[in-house]
Amino acid sequence: DRVDERKAPIHYHVLLGFYTCAGFALSMYSMQLLNFPTWLLFKSARVITTMVGGVVLLGKRYTWLEYVGVVFIFLGLVVFSWGDFVVLPEFNLPGVALVLLALVANSLQDNTQEKGMRQYGATENELLLYSFGFGALWLLPLIVLRGELHRGVLFCWQRPLVFAQIIVAGVLAYVGTALILSLLRETSALVTTITTSCRKALSIVASFVLFSKPFSVNYIYGTVLVFSGILINFLARSKKKAAAR
């Protein structure tokens, strides 16, 4: 797709860029305050905020089974957070607040992307170009004022291998985001979020295997509840799709 074939209005892309920027920035700052498993499990709650956003922004309706799945996810987060609070004295409430705000921004981003595809016929390439382009413009003043841009450039200049790894990570992120947007076009924001949340289970397990950290049995209970909720939502969507045929 050429740039001049933009289908959605420019104000839509500016707003979507803001949601993209906010979700990314809040996620990164919250990761600095929370341990990785806790941060990752909270990110799995994106299913909840995406569902709420679908109701509010797009007027969607969900089945009782889908709401049951959301309750499981919520209870799992409570149990997991309690385990984190018990074993980690540095359990950080501001970090939790930031990751929750990131989830709200992610929900707005997901549902706004779906709206752009459904209402304006925007393509995956258009959404990638404009949302991340305007997102970078929203983020630029923040990283300049905080001095992060200068420190980042200096760090990469002194470590060329790190710069090469960042380039590779960026390419892989582009491919992954393009595939996610393709899935969004074929399904919905909720199904896409459920799909991306499933990979977080392996990430949490790998985190405990690869890095030593305090452990609580509540981590197991919380993780099981969260991913049971995700599975319930997936099955509910499959059932709804089969009934519609």
# chains A, B, ... in the order shown; residues from 1 in each chain; ligands from 1
$ closest_atom_pairs --of "range 42-80 of chain A" --to "range 21-38 of chain A" --cutoff "9 Å" --atoms "only C-alpha atoms" --output "Markdown table"
| residue | atom | partner | partner_atom | distance |
| --- | --- | --- | --- | --- |
| A:Phe42 | CA | A:Thr38 | CA | 6.2 |
| A:Lys43 | CA | A:Ser27 | CA | 8.5 |
| A:Leu77 | CA | A:Thr38 | CA | 8.7 |
| A:Phe80 | CA | A:Thr38 | CA | 7.4 |
$ closest_residue --among "A:Leu58, A:Leu103, A:Ala97, A:Leu127" --to "Ala8 in chain A" --atoms "only C-alpha atoms"
A:Leu127
$ closest_residue --among "A:Leu128, A:Val96, A:Val70, A:Val78" --to "Gly176 in chain A" --atoms "only C-alpha atoms"
A:Leu128
$ closest_residue --among "A:Tyr12, A:Phe74, A:Trp39, A:Phe18" --to "Leu137 in chain A" --atoms "only C-alpha atoms"
A:Phe18
